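S.K.: What follows is final_34.cif, mmCIF, C-alpha atoms.
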data_work
#
loop_
_atom_site.group_PDB
_atom_site.id
_atom_site.type_symbol
_atom_site.label_atom_id
_atom_site.label_comp_id
_atom_site.auth_asym_id
_atom_site.auth_seq_id
_atom_site.Cartn_x
_atom_site.Cartn_y
_atom_site.Cartn_z
ATOM 1 C CA MET T 8 0.000 0.000 0.000
ATOM 2 C CA LEU T 9 1.257 3.472 -0.864
ATOM 3 C CA ARG T 10 2.350 5.349 2.246
ATOM 4 C CA HIS T 11 2.352 9.097 2.859
ATOM 5 C CA SER T 12 6.046 9.014 3.780
ATOM 6 C CA ASP T 13 6.903 7.147 0.552
ATOM 7 C CA VAL T 14 5.503 9.910 -1.655
ATOM 8 C CA TRP T 15 7.313 12.699 0.155
ATOM 9 C CA HIS T 16 10.523 10.694 0.198
ATOM 10 C CA ALA T 17 10.216 10.181 -3.567
ATOM 11 C CA ILE T 18 9.846 13.953 -4.046
ATOM 12 C CA ASP T 19 13.005 14.513 -1.989
ATOM 13 C CA LEU T 20 14.865 11.885 -4.049
ATOM 14 C CA LEU T 21 13.664 13.439 -7.316
ATOM 15 C CA ALA T 22 14.910 16.838 -6.195
ATOM 16 C CA LYS T 23 18.282 15.374 -5.187
ATOM 17 C CA ARG T 24 18.568 13.520 -8.513
ATOM 18 C CA TYR T 25 18.381 16.857 -10.321
ATOM 19 C CA GLY T 26 20.682 18.670 -7.920
ATOM 20 C CA LEU T 27 17.948 20.555 -6.119
ATOM 21 C CA SER T 28 16.584 20.962 -2.638
ATOM 22 C CA ALA T 29 12.881 20.387 -2.052
ATOM 23 C CA SER T 30 12.290 24.143 -2.052
ATOM 24 C CA GLY T 31 14.425 24.533 -5.178
ATOM 25 C CA LEU T 32 12.351 21.894 -6.944
ATOM 26 C CA ALA T 33 9.153 23.711 -5.971
ATOM 27 C CA ARG T 34 10.544 27.026 -7.209
ATOM 28 C CA ARG T 35 11.650 25.566 -10.557
ATOM 29 C CA SER T 36 8.171 24.074 -10.962
ATOM 30 C CA GLY T 37 6.437 27.423 -10.503
ATOM 31 C CA LEU T 38 5.151 26.503 -7.060
ATOM 32 C CA ASP T 39 5.474 28.330 -3.759
ATOM 33 C CA PRO T 40 9.011 27.536 -2.521
ATOM 34 C CA THR T 41 7.587 26.225 0.757
ATOM 35 C CA THR T 42 5.236 23.727 -0.939
ATOM 36 C CA PHE T 43 7.416 20.713 -0.141
ATOM 37 C CA ASN T 44 8.814 21.899 3.186
ATOM 38 C CA PRO T 45 8.600 19.313 6.006
ATOM 39 C CA SER T 46 6.253 21.632 7.879
ATOM 40 C CA LYS T 47 3.799 21.470 4.973
ATOM 41 C CA ARG T 48 3.580 17.685 4.999
ATOM 42 C CA THR T 49 1.165 17.647 7.902
ATOM 43 C CA THR T 50 -1.519 20.108 8.974
ATOM 44 C CA PRO T 51 -1.196 22.092 12.218
ATOM 45 C CA GLN T 52 -3.596 19.525 13.688
ATOM 46 C CA GLY T 53 -1.230 16.701 12.768
ATOM 47 C CA LYS T 54 -3.268 15.329 9.864
ATOM 48 C CA LEU T 55 -1.239 13.930 6.967
ATOM 49 C CA ARG T 56 -1.151 16.235 3.935
ATOM 50 C CA TRP T 57 -0.562 14.638 0.522
ATOM 51 C CA PRO T 58 0.971 16.479 -2.455
ATOM 52 C CA SER T 59 -1.597 17.304 -5.132
ATOM 53 C CA THR T 60 -1.611 15.658 -8.556
ATOM 54 C CA GLU T 61 -1.131 19.150 -10.006
ATOM 55 C CA SER T 62 2.083 19.713 -8.042
ATOM 56 C CA LEU T 63 3.368 16.256 -9.033
ATOM 57 C CA SER T 64 2.637 17.008 -12.673
ATOM 58 C CA LYS T 65 4.527 20.306 -12.423
ATOM 59 C CA ILE T 66 7.649 18.818 -10.871
ATOM 60 C CA LEU T 67 7.780 16.073 -13.498
ATOM 61 C CA SER T 68 7.470 18.660 -16.248
ATOM 62 C CA ALA T 69 10.053 20.963 -14.676
ATOM 63 C CA THR T 70 12.644 18.191 -14.370
ATOM 64 C CA GLY T 71 11.853 16.536 -17.687
ATOM 65 C CA SER T 72 11.136 13.274 -15.885
ATOM 66 C CA ASN T 73 8.041 11.082 -16.103
ATOM 67 C CA MET T 74 5.698 9.112 -13.888
ATOM 68 C CA ALA T 75 7.630 5.884 -14.404
ATOM 69 C CA GLU T 76 10.762 7.527 -12.999
ATOM 70 C CA PHE T 77 8.853 8.953 -10.054
ATOM 71 C CA VAL T 78 7.240 5.599 -9.279
ATOM 72 C CA SER T 79 10.649 3.932 -9.335
ATOM 73 C CA LEU T 80 11.637 6.262 -6.484
ATOM 74 C CA LEU T 81 8.731 4.972 -4.396
ATOM 75 C CA ALA T 82 10.120 1.446 -4.261
ATOM 76 C CA GLU T 83 12.402 0.358 -1.447
ATOM 77 C CA PRO T 84 15.968 -0.576 -2.487
ATOM 78 C CA GLY T 85 15.862 -4.025 -4.079
ATOM 79 C CA GLU T 86 12.085 -3.938 -4.321
ATOM 80 C CA ALA T 87 10.367 -3.927 -7.722
ATOM 81 C CA ALA T 88 8.216 -0.900 -8.440
ATOM 82 C CA PRO T 89 4.500 -1.725 -8.720
ATOM 83 C CA ARG T 90 3.012 -2.183 -12.193
ATOM 84 C CA ILE T 91 -0.528 -2.029 -13.518
ATOM 85 C CA PRO T 92 -1.869 -3.074 -16.943
ATOM 86 C CA ILE T 93 -2.412 -0.422 -19.618
ATOM 87 C CA ILE T 94 -3.971 -0.253 -23.089
ATOM 88 C CA GLY T 95 -4.934 2.577 -25.393
ATOM 89 C CA TYR T 96 -8.351 4.160 -24.822
ATOM 90 C CA ALA T 97 -9.411 3.274 -28.363
ATOM 91 C CA GLN T 98 -8.617 -0.408 -27.715
ATOM 92 C CA ALA T 99 -10.880 -0.555 -24.665
ATOM 93 C CA GLY T 100 -13.935 -1.023 -26.858
ATOM 94 C CA SER T 101 -12.488 -4.124 -28.496
ATOM 95 C CA GLU T 102 -13.420 -7.619 -27.404
ATOM 96 C CA GLY T 103 -11.112 -9.632 -25.190
ATOM 97 C CA PHE T 104 -9.674 -6.911 -22.954
ATOM 98 C CA PHE T 105 -12.252 -7.047 -20.135
ATOM 99 C CA ASP T 106 -14.350 -9.673 -18.421
ATOM 100 C CA ASP T 107 -18.058 -9.190 -17.720
ATOM 101 C CA ALA T 108 -17.318 -7.360 -14.454
ATOM 102 C CA GLY T 109 -15.053 -4.802 -16.130
ATOM 103 C CA TYR T 110 -11.760 -6.261 -14.900
ATOM 104 C CA PRO T 111 -8.730 -6.458 -17.224
ATOM 105 C CA ALA T 112 -8.588 -9.818 -18.976
ATOM 106 C CA GLY T 113 -6.863 -11.570 -21.851
ATOM 107 C CA SER T 114 -3.604 -10.731 -23.551
ATOM 108 C CA GLY T 115 -2.599 -7.552 -25.333
ATOM 109 C CA TRP T 116 -2.131 -5.423 -22.228
ATOM 110 C CA ASP T 117 1.130 -3.594 -21.652
ATOM 111 C CA GLU T 118 2.329 -2.519 -18.202
ATOM 112 C CA VAL T 119 3.133 0.811 -16.617
ATOM 113 C CA LEU T 120 4.858 1.627 -13.338
ATOM 114 C CA PHE T 121 2.447 3.102 -10.825
ATOM 115 C CA PRO T 122 2.096 3.187 -7.022
ATOM 116 C CA GLU T 123 -0.082 0.621 -5.273
ATOM 117 C CA VAL T 124 -3.645 1.987 -5.360
ATOM 118 C CA GLY T 125 -5.405 -0.572 -3.168
ATOM 119 C CA ASP T 126 -7.184 -2.309 -6.037
ATOM 120 C CA ALA T 127 -5.552 -5.398 -7.504
ATOM 121 C CA HIS T 128 -7.662 -4.964 -10.636
ATOM 122 C CA ALA T 129 -6.797 -1.301 -11.301
ATOM 123 C CA TYR T 130 -5.637 -0.493 -14.812
ATOM 124 C CA ALA T 131 -4.694 2.455 -17.033
ATOM 125 C CA LEU T 132 -6.012 3.788 -20.318
ATOM 126 C CA GLU T 133 -3.985 6.126 -22.526
ATOM 127 C CA ILE T 134 -6.120 8.882 -24.028
ATOM 128 C CA SER T 135 -5.994 9.570 -27.755
ATOM 129 C CA GLY T 136 -7.644 12.428 -29.609
ATOM 130 C CA ASP T 137 -9.289 15.597 -28.329
ATOM 131 C CA SER T 138 -12.842 14.450 -27.552
ATOM 132 C CA MET T 139 -12.285 14.811 -23.788
ATOM 133 C CA GLU T 140 -10.515 18.155 -23.739
ATOM 134 C CA PRO T 141 -9.980 20.249 -21.715
ATOM 135 C CA VAL T 142 -10.160 17.712 -18.850
ATOM 136 C CA PHE T 143 -8.176 14.910 -20.506
ATOM 137 C CA ARG T 144 -5.813 15.517 -23.421
ATOM 138 C CA ASP T 145 -4.137 13.350 -26.014
ATOM 139 C CA GLY T 146 -1.446 11.278 -24.305
ATOM 140 C CA ASP T 147 -2.842 11.577 -20.771
ATOM 141 C CA ARG T 148 -3.100 8.346 -18.805
ATOM 142 C CA ILE T 149 -6.091 7.718 -16.576
ATOM 143 C CA ILE T 150 -6.128 5.147 -13.787
ATOM 144 C CA ILE T 151 -9.380 3.244 -13.297
ATOM 145 C CA SER T 152 -10.418 1.289 -10.206
ATOM 146 C CA PRO T 153 -13.209 -1.230 -10.890
ATOM 147 C CA SER T 154 -13.782 -1.787 -7.165
ATOM 148 C CA ALA T 155 -14.020 1.889 -6.143
ATOM 149 C CA SER T 156 -17.415 3.160 -5.036
ATOM 150 C CA ILE T 157 -19.079 5.653 -7.378
ATOM 151 C CA ARG T 158 -21.182 8.708 -6.624
ATOM 152 C CA ARG T 159 -22.543 11.749 -8.413
ATOM 153 C CA GLY T 160 -19.822 14.043 -9.745
ATOM 154 C CA ASP T 161 -17.227 11.291 -10.157
ATOM 155 C CA ARG T 162 -15.335 10.903 -13.407
ATOM 156 C CA VAL T 163 -16.004 7.442 -14.753
ATOM 157 C CA VAL T 164 -15.405 5.085 -17.648
ATOM 158 C CA VAL T 165 -18.488 3.322 -18.986
ATOM 159 C CA ARG T 166 -18.750 0.401 -21.372
ATOM 160 C CA THR T 167 -22.020 -0.323 -23.125
ATOM 161 C CA ALA T 168 -23.429 -3.658 -24.221
ATOM 162 C CA GLY T 169 -22.654 -2.570 -27.777
ATOM 163 C CA GLY T 170 -18.926 -2.268 -27.000
ATOM 164 C CA GLU T 171 -18.765 1.542 -26.801
ATOM 165 C CA VAL T 172 -16.382 2.885 -24.152
ATOM 166 C CA MET T 173 -16.649 6.452 -22.916
ATOM 167 C CA ALA T 174 -15.094 8.606 -20.195
ATOM 168 C CA LYS T 175 -17.686 10.931 -18.695
ATOM 169 C CA GLU T 176 -18.841 12.608 -15.507
ATOM 170 C CA LEU T 177 -21.597 10.827 -13.619
ATOM 171 C CA THR T 178 -24.328 13.414 -13.169
ATOM 172 C CA ARG T 179 -27.112 11.143 -11.940
ATOM 173 C CA GLN T 180 -27.973 7.487 -11.603
ATOM 174 C CA SER T 181 -31.122 5.622 -10.655
ATOM 175 C CA ALA T 182 -32.343 2.034 -10.732
ATOM 176 C CA ASN T 183 -33.300 2.479 -14.376
ATOM 177 C CA LYS T 184 -30.801 4.834 -15.990
ATOM 178 C CA ILE T 185 -27.419 6.519 -15.822
ATOM 179 C CA GLU T 186 -26.935 10.156 -16.846
ATOM 180 C CA LEU T 187 -23.479 11.220 -18.009
ATOM 181 C CA GLY T 188 -22.012 14.652 -18.693
ATOM 182 C CA SER T 189 -19.314 15.258 -21.313
ATOM 183 C CA PHE T 190 -15.983 16.922 -20.576
ATOM 184 C CA ASN T 191 -15.875 18.525 -24.012
ATOM 185 C CA PRO T 192 -18.797 20.923 -24.635
ATOM 186 C CA ALA T 193 -18.717 19.936 -28.316
ATOM 187 C CA HIS T 194 -19.968 16.468 -27.334
ATOM 188 C CA PRO T 195 -23.481 15.921 -25.962
ATOM 189 C CA ALA T 196 -24.403 14.475 -22.580
ATOM 190 C CA ARG T 197 -25.599 10.877 -22.604
ATOM 191 C CA THR T 198 -28.421 9.061 -20.852
ATOM 192 C CA LEU T 199 -28.225 5.261 -20.850
ATOM 193 C CA LYS T 200 -30.625 2.635 -19.625
ATOM 194 C CA ARG T 201 -29.124 0.346 -16.996
ATOM 195 C CA ALA T 202 -29.613 -2.588 -19.327
ATOM 196 C CA GLU T 203 -27.373 -0.845 -21.879
ATOM 197 C CA VAL T 204 -24.415 -0.604 -19.471
ATOM 198 C CA THR T 205 -22.056 -3.558 -19.134
ATOM 199 C CA TRP T 206 -19.946 -1.892 -16.459
ATOM 200 C CA ILE T 207 -19.024 1.480 -14.992
ATOM 201 C CA ALA T 208 -15.791 2.230 -13.069
ATOM 202 C CA ARG T 209 -14.345 5.299 -11.387
ATOM 203 C CA ILE T 210 -11.317 7.230 -12.644
ATOM 204 C CA ILE T 211 -9.109 7.693 -9.582
ATOM 205 C CA TRP T 212 -6.107 9.494 -11.104
ATOM 206 C CA ALA T 213 -4.915 11.159 -14.277
ATOM 207 C CA SER T 214 -1.377 12.025 -15.453
ATOM 208 C CA GLN T 215 -2.210 15.618 -16.346
#
If you convert what's in this file into structure tokens, what do you get?

M.R.:
Amino acid sequence: MLRHSDVWHAIDLLAKRYGLSASGLARRSGLDPTTFNPSKRTTPQGKLRWPSTESLSKILSATGSNMAEFVSLLAEPGEAAPRIPIIGYAQAGSEGFFDDAGYPAGSGWDEVLFPEVGDAHAYALEISGDSMEPVFRDGDRIIISPSASIRRGDRVVVRTAGGEVMAKELTRQSANKIELGSFNPAHPARTLKRAEVTWIARIIWASQ
């Protein structure tokens, strides 16, 4: 399981790898220089504070590194970095990649380094095209957890009985239908009958 201390330690190691202090890394990334200070890693009440996905994205961009490199810093010496399966978003509508419950299945999957997310069936899709802009862009990777609970406002991936796969925002669901909002205003919202949906899973992270 991914620990709070592991993430902060990986940030410190990334900074050191590029000859920077934690504050220097924050400054180079366009963040407040105190963003990664030890005092900012917990709240005044002692609650653990995690770095945001936005700040992680900025430090990777500023150093020219990538998520695979960052994940490798999370592993203990001699320990293999965690991996999850990945395919292209366009492939997700093809037969043979998922079982009836929406879990990755069959061959054809690649692998990507990523921290343990608490779901043994989690997987990644790599976005192609501009149909989900401005939320998700071409080349972004989204991490999906089939076992995560879903509620209104969550970003989800849905597969229909006809094999269509779409990433949307869940705006409403009932016993009979699921209403989905589009990220790109050029694409309409969708309303699907429950019987039309093979599975729906929550997006828990994106490499933006």

S.K.: Hey, could you make a per-residue contact list for stretch 134-183 of chain T against stretch 92-98 of chain T with 10 Å as the cut-off, showing the nearest pair of atoms and its distance in Å to one decimal, counting all atoms listed in the file, sorted by chain and number, as a tab-separated table?

M.R.:
residue	atom	partner	partner_atom	distance
T:Ile134	CA	T:Tyr96	CA	5.3
T:Ser135	CA	T:Tyr96	CA	6.6
T:Gly136	CA	T:Ala97	CA	9.4
T:Gly146	CA	T:Gly95	CA	9.4
T:Arg148	CA	T:Ile93	CA	8.8
T:Ile149	CA	T:Tyr96	CA	9.3
T:Ile150	CA	T:Ile93	CA	8.9
T:Glu171	CA	T:Ala97	CA	9.6
T:Val172	CA	T:Ala97	CA	8.2
T:Met173	CA	T:Tyr96	CA	8.8
T:Ala174	CA	T:Tyr96	CA	9.3

S.K.: Around (-10.9, -6.4, -12.7) in the file's frame, which residues reach within 12 Å when counting all atoms listed in the file? Return as a ChimeraX atom specification?

M.R.: /T:91-92,104-113,126-131,151-155,206-208

S.K.: Quick one: distance from atom CA of T:Glu102 to atom CA of T:Ile185 in Å, one decimal?

M.R.: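 For atom CA of T:Glu102 relative to atom CA of T:Ile185, the distance reads 23.0 Å.
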
S.K.: For the structure shown, which residues end up in the PyMOL selection byres ((chain T and resi 167) around 8)? Put them as a VMD selection string, please?

M.R.: chain T and resid 165 to 166 168 to 172 203 to 206

S.K.: Please produce a file of the residues just selected, as a PDB file, keeping the file's coordinate frame, where the atoms kept are C-alpha atoms.

M.R.:
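The result, written out as out-v7.pdb:
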ATOM      1  CA  VAL T 165     -18.488   3.322 -18.986  1.00  0.00           C
ATOM      2  CA  ARG T 166     -18.750   0.401 -21.372  1.00  0.00           C
ATOM      3  CA  ALA T 168     -23.429  -3.658 -24.221  1.00  0.00           C
ATOM      4  CA  GLY T 169     -22.654  -2.570 -27.777  1.00  0.00           C
ATOM      5  CA  GLY T 170     -18.926  -2.268 -27.000  1.00  0.00           C
ATOM      6  CA  GLU T 171     -18.765   1.542 -26.801  1.00  0.00           C
ATOM      7  CA  VAL T 172     -16.382   2.885 -24.152  1.00  0.00           C
ATOM      8  CA  GLU T 203     -27.373  -0.845 -21.879  1.00  0.00           C
ATOM      9  CA  VAL T 204     -24.415  -0.604 -19.471  1.00  0.00           C
ATOM     10  CA  THR T 205     -22.056  -3.558 -19.134  1.00  0.00           C
ATOM     11  CA  TRP T 206     -19.946  -1.892 -16.459  1.00  0.00           C
TER      12      TRP T 206
END

S.K.: Name the residues captured by the PyMOL selection byres ((chain T and resi 70) around 10) when it is applied to the shown file; answer as a list in words.

M.R.: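 Taken on the displayed file, the PyMOL selection byres ((chain T and resi 70) around 10) yields the residues Leu21, Ala22, Arg24, Tyr25, Leu32, Arg35, Ser36, Lys65, Ile66, Leu67, Ser68, Ala69, Gly71, Ser72 and Asn73 of chain T.
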
S.K.: Dump C-alpha atoms for the selected residues as a PDB file, keeping the file's coordinate frame?

M.R.:
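Once everything was written out, this is again-v2.pdb:
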ATOM      1  CA  LEU T  21      13.664  13.439  -7.316  1.00  0.00           C
ATOM      2  CA  ALA T  22      14.910  16.838  -6.195  1.00  0.00           C
ATOM      3  CA  ARG T  24      18.568  13.520  -8.513  1.00  0.00           C
ATOM      4  CA  TYR T  25      18.381  16.857 -10.321  1.00  0.00           C
ATOM      5  CA  LEU T  32      12.351  21.894  -6.944  1.00  0.00           C
ATOM      6  CA  ARG T  35      11.650  25.566 -10.557  1.00  0.00           C
ATOM      7  CA  SER T  36       8.171  24.074 -10.962  1.00  0.00           C
ATOM      8  CA  LYS T  65       4.527  20.306 -12.423  1.00  0.00           C
ATOM      9  CA  ILE T  66       7.649  18.818 -10.871  1.00  0.00           C
ATOM     10  CA  LEU T  67       7.780  16.073 -13.498  1.00  0.00           C
ATOM     11  CA  SER T  68       7.470  18.660 -16.248  1.00  0.00           C
ATOM     12  CA  ALA T  69      10.053  20.963 -14.676  1.00  0.00           C
ATOM     13  CA  GLY T  71      11.853  16.536 -17.687  1.00  0.00           C
ATOM     14  CA  SER T  72      11.136  13.274 -15.885  1.00  0.00           C
ATOM     15  CA  ASN T  73       8.041  11.082 -16.103  1.00  0.00           C
TER      16      ASN T  73
END

S.K.: If the PyMOL selection byres ((chain T and resi 17) around 10) is run on the structure shown, which residues does it catch, given as a PyMOL selection string?

M.R.: chain T and resi 12-16+18-23+76-82

S.K.: Please indicate the distance in Å from atom CA of T:His11 to atom CA of T:Val163, rounded to one decimal place.

M.R.: 25.5 Å

S.K.: Env of T:Ser138: 12 Å cut, atoms = only C-alpha atoms, seq-sep filter 5 positions within chain, self excluded. Answer as a short mmCIF file (atom, residue, chain, number, x, y, z; two decimals) with C-alpha atoms, keeping the file's coordinate frame.

M.R.:
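The result, stored in around14.cif:
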data_model
loop_
_atom_site.label_atom_id
_atom_site.label_comp_id
_atom_site.auth_asym_id
_atom_site.auth_seq_id
_atom_site.Cartn_x
_atom_site.Cartn_y
_atom_site.Cartn_z
CA TYR T 96 -8.35 4.16 -24.82
CA ALA T 97 -9.41 3.27 -28.36
CA PHE T 143 -8.18 14.91 -20.51
CA ARG T 144 -5.81 15.52 -23.42
CA ASP T 145 -4.14 13.35 -26.01
CA MET T 173 -16.65 6.45 -22.92
CA ALA T 174 -15.09 8.61 -20.20
CA LYS T 175 -17.69 10.93 -18.70
CA SER T 189 -19.31 15.26 -21.31
CA PHE T 190 -15.98 16.92 -20.58
CA ASN T 191 -15.88 18.52 -24.01
CA PRO T 192 -18.80 20.92 -24.64
CA ALA T 193 -18.72 19.94 -28.32
CA HIS T 194 -19.97 16.47 -27.33
CA PRO T 195 -23.48 15.92 -25.96
#

S.K.: How many Å lie between atom CA of T:Leu27 and atom CA of T:Thr41, rounded to one decimal?

M.R.: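 Separation of atom CA of T:Leu27 and atom CA of T:Thr41: 13.7 Å.
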
S.K.: Contacts of stretch 45-48 of chain T at 10 Å or less, counting all atoms listed in the file, minus same-chain residues fewer than 2 places along, as number ranges by chain?

M.R.: T: 11-12, 15, 29, 41-43, 50-51, 53-58

S.K.: Name the closest residue to T:Gly160 among the candidates T:Arg209, T:Pro141, T:Val119, T:Lys184; distances are taken between atoms, counting only C-alpha atoms.

M.R.: T:Arg209

S.K.: Write out as a list of chain:residue names each polymer residue whose atoms come within 8 Å of T:Arg90, counting only C-alpha atoms; drop sequence neighbours fewer than 4 positions from it.

M.R.: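 Here the answer would be T:Glu118, T:Val119, T:Leu120, T:Phe121, T:Pro122.
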
S.K.: For stretch 8-35 of chain T, where the input has fewer atoms than it should, I would like N, CA and C atoms rebuilt and written as an mmCIF file, keeping the file's coordinate frame.

M.R.:
data_model
loop_
_atom_site.group_PDB
_atom_site.id
_atom_site.type_symbol
_atom_site.label_atom_id
_atom_site.label_comp_id
_atom_site.auth_asym_id
_atom_site.auth_seq_id
_atom_site.Cartn_x
_atom_site.Cartn_y
_atom_site.Cartn_z
ATOM 1 N N MET T 8 0.842 -1.188 0.000
ATOM 2 C CA MET T 8 0.000 0.000 0.000
ATOM 3 C C MET T 8 0.886 1.250 0.000
ATOM 4 N N LEU T 9 0.503 2.227 -0.775
ATOM 5 C CA LEU T 9 1.257 3.472 -0.864
ATOM 6 C C LEU T 9 1.159 4.236 0.447
ATOM 7 N N ARG T 10 2.314 4.611 0.984
ATOM 8 C CA ARG T 10 2.350 5.349 2.246
ATOM 9 C C ARG T 10 2.663 6.823 2.012
ATOM 10 N N HIS T 11 2.133 7.649 2.902
ATOM 11 C CA HIS T 11 2.352 9.097 2.859
ATOM 12 C C HIS T 11 3.849 9.411 2.826
ATOM 13 N N SER T 12 4.609 8.752 3.699
ATOM 14 C CA SER T 12 6.046 9.014 3.780
ATOM 15 C C SER T 12 6.773 8.626 2.497
ATOM 16 N N ASP T 13 6.269 7.587 1.797
ATOM 17 C CA ASP T 13 6.903 7.147 0.552
ATOM 18 C C ASP T 13 6.846 8.241 -0.512
ATOM 19 N N VAL T 14 5.687 8.886 -0.623
ATOM 20 C CA VAL T 14 5.503 9.910 -1.655
ATOM 21 C C VAL T 14 6.419 11.090 -1.392
ATOM 22 N N TRP T 15 6.452 11.556 -0.156
ATOM 23 C CA TRP T 15 7.313 12.699 0.155
ATOM 24 C C TRP T 15 8.790 12.353 0.002
ATOM 25 N N HIS T 16 9.136 11.120 0.372
ATOM 26 C CA HIS T 16 10.523 10.694 0.198
ATOM 27 C C HIS T 16 10.892 10.656 -1.281
ATOM 28 N N ALA T 17 9.965 10.220 -2.125
ATOM 29 C CA ALA T 17 10.216 10.181 -3.567
ATOM 30 C C ALA T 17 10.416 11.590 -4.119
ATOM 31 N N ILE T 18 9.665 12.562 -3.611
ATOM 32 C CA ILE T 18 9.846 13.953 -4.046
ATOM 33 C C ILE T 18 11.234 14.443 -3.654
ATOM 34 N N ASP T 19 11.661 14.125 -2.434
ATOM 35 C CA ASP T 19 13.005 14.513 -1.989
ATOM 36 C C ASP T 19 14.079 13.870 -2.864
ATOM 37 N N LEU T 20 13.894 12.582 -3.209
ATOM 38 C CA LEU T 20 14.865 11.885 -4.049
ATOM 39 C C LEU T 20 14.897 12.471 -5.458
ATOM 40 N N LEU T 21 13.716 12.834 -5.983
ATOM 41 C CA LEU T 21 13.664 13.439 -7.316
ATOM 42 C C LEU T 21 14.419 14.762 -7.322
ATOM 43 N N ALA T 22 14.203 15.566 -6.292
ATOM 44 C CA ALA T 22 14.910 16.838 -6.195
ATOM 45 C C ALA T 22 16.421 16.614 -6.146
ATOM 46 N N LYS T 23 16.854 15.666 -5.328
ATOM 47 C CA LYS T 23 18.282 15.374 -5.187
ATOM 48 C C LYS T 23 18.871 14.874 -6.497
ATOM 49 N N ARG T 24 18.096 14.058 -7.234
ATOM 50 C CA ARG T 24 18.568 13.520 -8.513
ATOM 51 C C ARG T 24 18.884 14.631 -9.491
ATOM 52 N N TYR T 25 18.171 15.740 -9.403
ATOM 53 C CA TYR T 25 18.381 16.857 -10.321
ATOM 54 C C TYR T 25 19.133 18.013 -9.661
ATOM 55 N N GLY T 26 19.828 17.692 -8.568
ATOM 56 C CA GLY T 26 20.682 18.670 -7.920
ATOM 57 C C GLY T 26 19.946 19.803 -7.249
ATOM 58 N N LEU T 27 18.781 19.522 -6.728
ATOM 59 C CA LEU T 27 17.948 20.555 -6.119
ATOM 60 C C LEU T 27 17.557 20.176 -4.699
ATOM 61 N N SER T 28 17.234 21.201 -3.930
ATOM 62 C CA SER T 28 16.584 20.962 -2.638
ATOM 63 C C SER T 28 15.086 20.856 -2.899
ATOM 64 N N ALA T 29 14.328 20.469 -1.891
ATOM 65 C CA ALA T 29 12.881 20.387 -2.052
ATOM 66 C C ALA T 29 12.290 21.750 -2.399
ATOM 67 N N SER T 30 12.791 22.795 -1.756
ATOM 68 C CA SER T 30 12.290 24.143 -2.052
ATOM 69 C C SER T 30 12.738 24.599 -3.441
ATOM 70 N N GLY T 31 13.954 24.190 -3.846
ATOM 71 C CA GLY T 31 14.425 24.533 -5.178
ATOM 72 C C GLY T 31 13.606 23.847 -6.259
ATOM 73 N N LEU T 32 13.202 22.615 -5.999
ATOM 74 C CA LEU T 32 12.351 21.894 -6.944
ATOM 75 C C LEU T 32 10.995 22.584 -7.072
ATOM 76 N N ALA T 33 10.438 23.008 -5.943
ATOM 77 C CA ALA T 33 9.153 23.711 -5.971
ATOM 78 C C ALA T 33 9.271 25.006 -6.755
ATOM 79 N N ARG T 34 10.349 25.742 -6.523
ATOM 80 C CA ARG T 34 10.544 27.026 -7.209
ATOM 81 C C ARG T 34 10.684 26.827 -8.720
ATOM 82 N N ARG T 35 11.476 25.839 -9.132
ATOM 83 C CA ARG T 35 11.650 25.566 -10.557
ATOM 84 C C ARG T 35 10.327 25.162 -11.211
#
